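Participant: Structure file query_23.cif (mmCIF, C-alpha atoms) is given on the next line.
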data_input
loop_
_atom_site.label_atom_id
_atom_site.label_comp_id
_atom_site.auth_asym_id
_atom_site.auth_seq_id
_atom_site.Cartn_x
_atom_site.Cartn_y
_atom_site.Cartn_z
CA MET A 1 107.50 110.09 140.77
CA ALA A 2 105.74 106.89 139.76
CA THR A 3 102.14 107.15 138.69
CA SER A 4 99.39 104.78 139.67
CA ARG A 5 98.20 102.51 136.90
CA THR A 6 94.64 103.46 137.75
CA ASP A 7 94.92 107.25 137.77
CA PRO A 8 92.55 108.90 135.25
CA LEU A 9 95.30 110.21 132.96
CA THR A 10 97.02 106.83 132.69
CA PHE A 11 93.66 105.17 132.07
CA GLU A 12 92.87 107.67 129.29
CA VAL A 13 96.28 107.18 127.65
CA VAL A 14 95.85 103.39 127.74
CA GLU A 15 92.39 103.70 126.17
CA LEU A 16 93.73 106.01 123.43
CA ILE A 17 96.61 103.65 122.64
CA GLY A 18 94.10 100.79 122.41
CA THR A 19 91.95 102.80 120.00
CA VAL A 20 94.95 103.66 117.81
CA VAL A 21 96.05 100.01 117.72
CA ALA A 22 92.53 98.76 116.89
CA ARG A 23 92.17 101.27 114.03
CA TYR A 24 95.62 100.44 112.71
CA TYR A 25 94.90 96.70 112.67
CA GLU A 26 91.49 97.24 111.05
CA GLU A 27 93.01 99.31 108.25
CA TYR A 28 95.95 96.94 107.92
CA GLU A 29 93.58 93.97 107.45
CA GLN A 30 91.60 95.91 104.82
CA ALA A 31 94.77 96.94 102.96
CA ALA A 32 96.07 93.36 103.09
CA ALA A 33 92.78 92.03 101.69
CA GLN A 34 93.08 94.43 98.73
CA HIS A 35 96.28 92.56 97.86
CA SER A 36 94.66 89.15 98.54
CA LEU A 37 96.76 88.72 101.67
CA THR A 38 95.86 88.00 105.25
CA GLY A 39 97.00 90.52 107.84
CA ALA A 40 99.65 88.06 109.04
CA GLN A 41 100.97 87.53 105.51
CA ALA A 42 101.11 91.30 104.97
CA ARG A 43 103.01 91.81 108.24
CA VAL A 44 105.56 89.13 107.33
CA LEU A 45 105.99 90.54 103.83
CA GLY A 46 106.39 94.06 105.21
CA LEU A 47 109.00 92.88 107.68
CA LEU A 48 110.91 90.98 105.00
CA SER A 49 110.86 94.00 102.69
CA LEU A 50 113.19 95.67 105.22
CA GLU A 51 115.66 92.77 105.29
CA PRO A 52 115.73 89.00 104.66
CA LEU A 53 115.33 87.09 107.92
CA PRO A 54 115.41 83.52 109.23
CA MET A 55 112.02 82.12 110.29
CA ARG A 56 112.94 82.15 113.98
CA ARG A 57 113.78 85.86 113.86
CA ILE A 58 110.51 86.67 112.06
CA ALA A 59 108.64 84.80 114.79
CA GLN A 60 110.52 86.72 117.50
CA LYS A 61 109.77 90.07 115.88
CA LEU A 62 106.08 89.24 115.42
CA LYS A 63 105.83 87.46 118.77
CA CYS A 64 104.43 84.19 117.45
CA GLU A 65 105.42 80.56 116.99
CA PRO A 66 108.03 79.72 114.30
CA SER A 67 105.69 76.99 112.96
CA ASN A 68 103.09 79.69 112.16
CA ILE A 69 105.73 81.66 110.25
CA THR A 70 106.68 78.60 108.21
CA GLY A 71 103.10 78.26 106.95
CA ILE A 72 102.82 81.98 106.19
CA VAL A 73 106.12 81.98 104.29
CA ASP A 74 105.03 78.83 102.41
CA ARG A 75 101.89 80.63 101.19
CA LEU A 76 103.83 83.80 100.27
CA GLU A 77 106.38 81.66 98.42
CA ALA A 78 103.60 79.87 96.51
CA ARG A 79 102.38 83.29 95.31
CA GLY A 80 105.87 84.28 94.18
CA LEU A 81 106.20 87.05 96.79
CA VAL A 82 108.91 85.44 98.95
CA GLU A 83 111.78 83.04 98.36
CA ARG A 84 113.98 81.04 100.67
CA ARG A 85 117.73 81.38 100.31
CA SER A 86 120.84 80.47 102.25
CA ALA A 87 122.34 83.09 104.55
CA PRO A 88 125.55 84.45 103.03
CA ASP A 89 127.52 83.95 106.28
CA ASP A 90 126.12 80.47 107.12
CA ARG A 91 124.68 78.34 104.34
CA ARG A 92 122.94 76.13 106.92
CA VAL A 93 120.64 79.03 107.86
CA LYS A 94 117.74 79.67 105.50
CA LEU A 95 116.44 83.20 105.09
CA ALA A 96 113.06 84.28 103.82
CA ALA A 97 113.48 87.17 101.39
CA PRO A 98 111.02 89.11 99.24
CA THR A 99 111.09 88.68 95.48
CA ASP A 100 110.92 91.76 93.27
CA GLU A 101 107.15 91.28 93.11
CA GLY A 102 107.05 90.87 96.91
CA ARG A 103 108.88 94.17 97.40
CA THR A 104 106.43 95.87 95.03
CA VAL A 105 103.41 94.47 96.89
CA ALA A 106 104.94 95.47 100.25
CA ARG A 107 105.51 99.02 98.97
CA ARG A 108 101.94 99.29 97.63
CA LEU A 109 100.62 97.96 100.92
CA ARG A 110 102.58 100.59 102.89
CA GLU A 111 101.36 103.32 100.54
CA SER A 112 97.74 102.29 101.06
CA LEU A 113 97.94 102.64 104.86
CA ASP A 114 96.56 106.12 105.40
CA PHE A 115 95.38 105.84 109.00
CA ALA A 116 98.76 106.23 110.65
CA ARG A 117 100.35 108.43 108.01
CA GLU A 118 97.65 111.11 107.71
CA PRO A 119 97.26 111.96 111.42
CA LEU A 120 101.03 111.82 111.90
CA GLY A 121 101.40 114.20 108.99
CA GLU A 122 99.47 116.79 110.99
CA LEU A 123 102.10 116.70 113.74
CA THR A 124 105.25 118.76 113.44
CA GLU A 125 108.58 117.00 113.01
CA VAL A 126 109.39 117.87 116.64
CA GLU A 127 106.09 116.31 117.80
CA ARG A 128 106.65 113.16 115.71
CA THR A 129 110.19 112.85 117.08
CA LEU A 130 108.90 113.23 120.65
CA LEU A 131 106.15 110.66 120.04
CA ARG A 132 108.67 108.22 118.54
CA ASP A 133 111.05 108.68 121.46
CA LEU A 134 108.26 108.24 124.02
CA LEU A 135 107.02 105.07 122.32
CA LYS A 136 110.56 103.67 122.19
CA ARG A 137 110.96 104.48 125.87
CA MET A 138 107.69 102.71 126.67
CA LEU A 139 109.01 99.66 124.82
CA GLY A 140 112.33 99.78 126.67
CA GLU A 141 114.24 100.74 123.52
CA GLY A 142 115.16 104.32 124.41
CA PRO A 143 116.83 106.32 127.17
CA ALA A 144 115.22 105.96 130.57
#
Before anything else, please render the file you have as structure tokens.
Facilitator:
Amino acid sequence: MATSRTDPLTFEVVELIGTVVARYYEEYEQAAAQHSLTGAQARVLGLLSLEPLPMRRIAQKLKCEPSNITGIVDRLEARGLVERRSAPDDRRVKLAAPTDEGRTVARRLRESLDFAREPLGELTEVERTLLRDLLKRMLGEGPA
């Protein structure tokens, strides 16, 4: 049964999600500033700490223009946190990859983000798994 987008429960859930997102971004910006990074730079560095990526793919993942990513990567590269390298399977494709220092900064940044980790730590593993699966489903990434 489909629910109305204006029913009280749906409205409350939407408001709660908005509150969680706002708090996350606020803390993320504060944590980034402690490392002399903008929030956007911290997000790119965090993403690259998972795997080197071409600029276009970073832009797709962060839902922004590739030209914005180029400027962010330029600034991270100037600080010695990111380097550009050729993709192993296609030397024409340039990847942005974290340096050792960049990986260290990304790890410290993740460790300083308490907002999401502490409340999630109060949920059981079953509850966290359910929450993850529901969020994936909302994003169209899980079973329908």
Participant: Run the PyMOL selection byres ((chain A and resi 21-29) around 12) against the file shown and list the residues it catches, as a ChimeraX atom specification.
Facilitator: /A:14-20,30-43,46,106,109-119
Participant: On this file, the PyMOL selection byres ((chain A and resi 47) around 10) gives some set of residues; write that set as a PyMOL selection string.
Facilitator: chain A and resi 41-46+48-53+58+61-62+97-98+106
Participant: Taking only C-alpha atoms into account, name the residue in A:Glu12, A:Asp7, A:Glu125, A:Asp90 that is nearest to A:Pro54.
Facilitator: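 Of all the options, A:Asp90 lies closest to A:Pro54.
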Participant: Quick one, how far is atom CA of A:Glu141 from atom CA of A:Arg128?
Facilitator: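 Separation between atom CA of A:Glu141 and atom CA of A:Arg128: 16.5 Å.
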Participant: Calculate how many Å separate atom CA of A:Gln60 from atom CA of A:Glu83, rounding to one decimal.
Facilitator: 19.5 Å
Participant: Please return stretch 88-114 of chain A, rebuilt to N, CA and C atoms, as an mmCIF file, in the coordinates of the input.
Facilitator:
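Below is the file part_36.cif, written as the result:
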data_model
loop_
_atom_site.group_PDB
_atom_site.id
_atom_site.type_symbol
_atom_site.label_atom_id
_atom_site.label_comp_id
_atom_site.auth_asym_id
_atom_site.auth_seq_id
_atom_site.Cartn_x
_atom_site.Cartn_y
_atom_site.Cartn_z
ATOM 1 N N PRO A 88 124.218 84.342 103.616
ATOM 2 C CA PRO A 88 125.550 84.450 103.030
ATOM 3 C C PRO A 88 126.671 84.040 103.991
ATOM 4 N N ASP A 89 126.469 84.244 105.297
ATOM 5 C CA ASP A 89 127.520 83.950 106.280
ATOM 6 C C ASP A 89 127.427 82.537 106.860
ATOM 7 N N ASP A 90 126.287 81.839 106.613
ATOM 8 C CA ASP A 90 126.120 80.470 107.120
ATOM 9 C C ASP A 90 125.096 79.770 106.243
ATOM 10 N N ARG A 91 125.566 78.962 105.324
ATOM 11 C CA ARG A 91 124.680 78.340 104.340
ATOM 12 C C ARG A 91 123.682 77.372 104.972
ATOM 13 N N ARG A 92 123.903 77.009 106.232
ATOM 14 C CA ARG A 92 122.940 76.130 106.920
ATOM 15 C C ARG A 92 121.681 76.875 107.317
ATOM 16 N N VAL A 93 121.781 78.207 107.438
ATOM 17 C CA VAL A 93 120.640 79.030 107.860
ATOM 18 C C VAL A 93 119.881 79.481 106.621
ATOM 19 N N LYS A 94 118.582 79.245 106.616
ATOM 20 C CA LYS A 94 117.740 79.670 105.500
ATOM 21 C C LYS A 94 117.045 80.975 105.854
ATOM 22 N N LEU A 95 117.103 81.909 104.929
ATOM 23 C CA LEU A 95 116.440 83.200 105.090
ATOM 24 C C LEU A 95 115.213 83.259 104.199
ATOM 25 N N ALA A 96 114.204 83.946 104.671
ATOM 26 C CA ALA A 96 113.060 84.280 103.820
ATOM 27 C C ALA A 96 113.341 85.688 103.306
ATOM 28 N N ALA A 97 113.183 85.876 102.004
ATOM 29 C CA ALA A 97 113.480 87.170 101.390
ATOM 30 C C ALA A 97 112.394 87.484 100.363
ATOM 31 N N PRO A 98 112.038 88.759 100.228
ATOM 32 C CA PRO A 98 111.020 89.110 99.240
ATOM 33 C C PRO A 98 111.581 89.017 97.817
ATOM 34 N N THR A 99 110.737 88.617 96.900
ATOM 35 C CA THR A 99 111.090 88.680 95.480
ATOM 36 C C THR A 99 110.866 90.121 95.033
ATOM 37 N N ASP A 100 111.193 90.415 93.789
ATOM 38 C CA ASP A 100 110.920 91.760 93.270
ATOM 39 C C ASP A 100 109.425 92.067 93.377
ATOM 40 N N GLU A 101 108.601 91.078 93.013
ATOM 41 C CA GLU A 101 107.150 91.280 93.110
ATOM 42 C C GLU A 101 106.732 91.477 94.570
ATOM 43 N N GLY A 102 107.350 90.728 95.482
ATOM 44 C CA GLY A 102 107.050 90.870 96.910
ATOM 45 C C GLY A 102 107.378 92.258 97.423
ATOM 46 N N ARG A 103 108.514 92.806 96.995
ATOM 47 C CA ARG A 103 108.880 94.170 97.400
ATOM 48 C C ARG A 103 107.876 95.181 96.858
ATOM 49 N N THR A 104 107.414 94.968 95.628
ATOM 50 C CA THR A 104 106.430 95.870 95.030
ATOM 51 C C THR A 104 105.114 95.813 95.795
ATOM 52 N N VAL A 105 104.654 94.613 96.129
ATOM 53 C CA VAL A 105 103.410 94.470 96.890
ATOM 54 C C VAL A 105 103.566 95.092 98.272
ATOM 55 N N ALA A 106 104.698 94.885 98.929
ATOM 56 C CA ALA A 106 104.940 95.470 100.250
ATOM 57 C C ALA A 106 104.906 96.996 100.178
ATOM 58 N N ARG A 107 105.511 97.566 99.136
ATOM 59 C CA ARG A 107 105.510 99.020 98.970
ATOM 60 C C ARG A 107 104.089 99.534 98.755
ATOM 61 N N ARG A 108 103.331 98.864 97.881
ATOM 62 C CA ARG A 108 101.940 99.290 97.630
ATOM 63 C C ARG A 108 101.101 99.174 98.894
ATOM 64 N N LEU A 109 101.343 98.139 99.657
ATOM 65 C CA LEU A 109 100.620 97.960 100.920
ATOM 66 C C LEU A 109 100.924 99.114 101.864
ATOM 67 N N ARG A 110 102.205 99.456 102.018
ATOM 68 C CA ARG A 110 102.580 100.590 102.890
ATOM 69 C C ARG A 110 101.932 101.879 102.405
ATOM 70 N N GLU A 111 101.928 102.088 101.095
ATOM 71 C CA GLU A 111 101.360 103.320 100.540
ATOM 72 C C GLU A 111 99.859 103.413 100.753
ATOM 73 N N SER A 112 99.191 102.266 100.894
ATOM 74 C CA SER A 112 97.740 102.290 101.060
ATOM 75 C C SER A 112 97.315 102.464 102.523
ATOM 76 N N LEU A 113 98.261 102.470 103.442
ATOM 77 C CA LEU A 113 97.940 102.640 104.860
ATOM 78 C C LEU A 113 97.901 104.128 105.202
ATOM 79 N N ASP A 114 96.717 104.690 105.150
ATOM 80 C CA ASP A 114 96.560 106.120 105.400
ATOM 81 C C ASP A 114 96.352 106.453 106.868
#
